[in-house]
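Notes follow the structure.
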Amino acid sequence: MSEDLNPPISRFAVPALSSLPADIRERIEAVQEKSGFVPNVFLVLARRPDEFRAFFAYHDALMEKPGNLSKAEREMIVVATSAANQCQYCVIAHGAILRIRAKNPLIADQIAINYRKADITPRQKAMLDFAIKVSQAAYAVDEADFQTLQTCGFDEEDIWDIMAITGLFGFSNRMANVASMRPNDAFYMLGR
């Protein structure tokens, strides 16, 4: 039995960069220029240009906006809920982004393994408790959950953001898992 030293990045065919619509190709090239590589998620989702545009428009609207949740806290939500959903791609990729945004080489591993034991604030723990509940048992979210968040200083818009980020990445986790999306090797060492 031979070992595949270069496993595919997805169980689905990935389009050639040169074959993509100009706007998608330009976005991927900009990411490559900034990071030094093309994250595999871009190539996998590019197989369906309209869906690529919709996904990244919603991603950017949630993850890049200013607000009471820092960009690092937004990434904490992704890492914690992706770990609960056993999504290797998102834990590895967003763990790298979290390490960079938090300027902390340990935080992503702590949150991915057990955020309850991570070196985070009580406010962040409450945020992740809520995100995990939304991810794993949304049907059970009740007014007490909102009260807890409000006591920790989260307003209605913050709570919406936590819910929406969790929902988007619940979708993303399922897509990445079913597509057998492979994290780029480069992600593993970023921010360490």
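Ligands are numbered from 1 in the order shown, chains are lettered A, B, ... in the order of the structure tokens, and residues start at 1 in each chain.
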
Fill in: All residues 9 Å or closer to Lys71 (chain A), only C-alpha atoms, same chain fewer than 6 positions away omitted, as a ChimeraX atom specification
/A:63-65,98,101-102

Closest atom pairs, region 61-85 of chain A residues within 8 Å of region 129-135 of chain A, only C-alpha atoms, as a tab-separated table:
```
residue	atom	partner	partner_atom	distance
A:Ile77	CA	A:Ala131	CA	6.5
A:Ala80	CA	A:Ile132	CA	7.3
A:Thr81	CA	A:Ile132	CA	5.7
A:Ala84	CA	A:Ile132	CA	7.4
```

For those residues, write N, CA and C atoms to a file as a PDB file, in the first residue's frame.
```
ATOM      1  N   ILE A  77     -15.044  32.311  18.616  1.00  0.00           N
ATOM      2  CA  ILE A  77     -16.329  31.656  18.353  1.00  0.00           C
ATOM      3  C   ILE A  77     -16.149  30.584  17.287  1.00  0.00           C
ATOM      4  N   ALA A  80     -14.023  27.554  18.743  1.00  0.00           N
ATOM      5  CA  ALA A  80     -14.749  26.745  19.731  1.00  0.00           C
ATOM      6  C   ALA A  80     -15.866  25.935  19.083  1.00  0.00           C
ATOM      7  N   THR A  81     -16.665  26.571  18.237  1.00  0.00           N
ATOM      8  CA  THR A  81     -17.787  25.849  17.632  1.00  0.00           C
ATOM      9  C   THR A  81     -17.301  24.864  16.573  1.00  0.00           C
ATOM     10  N   ALA A  84     -16.268  21.815  18.393  1.00  0.00           N
ATOM     11  CA  ALA A  84     -17.446  21.044  18.803  1.00  0.00           C
ATOM     12  C   ALA A  84     -18.037  20.273  17.622  1.00  0.00           C
TER      13      ALA A  84
END
```

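Comparing A:Pro105, A:Pro66, A:Pro183, A:Pro8 by their smallest distance to Ala93 (chain A), the closest is A:Pro183 (using only C-alpha atoms).
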
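For the choices A:Arg174, A:Arg182, A:Arg74, A:Arg99, the atom-to-atom distance to Ile159 (chain A) is smallest for A:Arg74 when using only C-alpha atoms.
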
Practice prompt. Output as a ChimeraX atom specification all residues of chain A that backbone DSSP marks as alpha helix (DSSP H).
Written response: /A:22-35,40-45,49-63,71-84,88-102,107-114,122-137,143-151,156-178

Neighbour list for Asp23 (chain A) as a PDB file with C-alpha atoms, in the first residue's frame, cut-off 12 Å, only C-alpha atoms, skip fewer than 3 positions in-chain:
```pdb
ATOM      1  CA  LEU A  17      -7.137  29.646 -10.837  1.00  0.00           C
ATOM      2  CA  SER A  18      -6.870  30.796 -14.457  1.00  0.00           C
ATOM      3  CA  SER A  19     -10.361  29.449 -15.195  1.00  0.00           C
ATOM      4  CA  LEU A  20     -12.120  31.504 -12.526  1.00  0.00           C
ATOM      5  CA  GLU A  26      -8.423  38.753  -8.004  1.00  0.00           C
ATOM      6  CA  ARG A  27      -9.693  38.061  -4.490  1.00  0.00           C
ATOM      7  CA  ILE A  28      -7.749  34.796  -4.283  1.00  0.00           C
ATOM      8  CA  GLU A  29      -4.601  36.447  -5.619  1.00  0.00           C
ATOM      9  CA  ALA A  30      -4.938  39.258  -3.045  1.00  0.00           C
ATOM     10  CA  ALA A  46     -14.497  28.629  -6.141  1.00  0.00           C
ATOM     11  CA  PRO A  49     -18.652  31.138  -8.214  1.00  0.00           C
ATOM     12  CA  ASP A  50     -22.074  32.425  -7.107  1.00  0.00           C
ATOM     13  CA  PHE A  52     -18.259  31.597  -3.342  1.00  0.00           C
ATOM     14  CA  ARG A  53     -19.362  35.237  -3.617  1.00  0.00           C
TER      15      ARG A  53
END
```

Discussion item. Env of Val38 (chain A): 9 Å cut, atoms = only C-alpha atoms, seq-sep filter 5 positions within chain, self excluded. Answer as an MDAnalysis selection string.
Written reply: chainID A and resid 28:29 31:33 43 184

Practice prompt. Find the residue from A:Phe37, A:His59, A:Ala16, A:Asp109 that sits nearest to Gly167 (chain A); use only C-alpha atoms when measuring.
Written response: A:His59

Worksheet item: Which neighbours of Gln150 (chain A) fall inside 12 Å, counting only C-alpha atoms, when residues of the same chain fewer than 4 positions from it are skipped, and could you give them as a PyMOL selection string?
Response: chain A and resi 123+126-127+130+143-146+154-159

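Take CA of Phe56 (chain A) and CA of Lys103 (chain A): the distance between them is 24.5 Å.
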
Response to the item:
From the list A:Val44, A:Ala112, A:Leu106, A:Ile162, the nearest residue to Cys90 (chain A) using only C-alpha atoms is A:Ala112

What lies within 7 Å of Tyr188 (chain A) using only C-alpha atoms, ignoring chain neighbours under 3 positions off, as a PDB file with C-alpha atoms, in the first residue's frame?
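Output file part_0.pdb is given in full below:
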```pdb
ATOM      1  CA  ILE A  92      -6.687  24.734  12.039  1.00  0.00           C
ATOM      2  CA  ALA A  96      -4.061  30.368  13.007  1.00  0.00           C
ATOM      3  CA  ASP A 185       0.205  22.998   6.009  1.00  0.00           C
TER       4      ASP A 185
END
```

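You can rank A:Cys87, A:Ile97, A:Ala61, A:Val79 by their closest distance to Gly191 (chain A) using only C-alpha atoms, and at the top of that list sits A:Ile97.
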
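Of the listed residues (A:Met163, A:Ile107, A:Arg11, A:Gln124), A:Met163 comes nearest to Val141 (chain A); the distances count only C-alpha atoms.
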
Worksheet item: Excluding same-chain residues fewer than 4 positions from Ser172 (chain A), what lies within 12 Å of it counting only C-alpha atoms, as a PyMOL selection string?
Response: chain A and resi 41+44-45+51-52+55-56+58-59+78+81-82+85-91+94+165-168+176-181
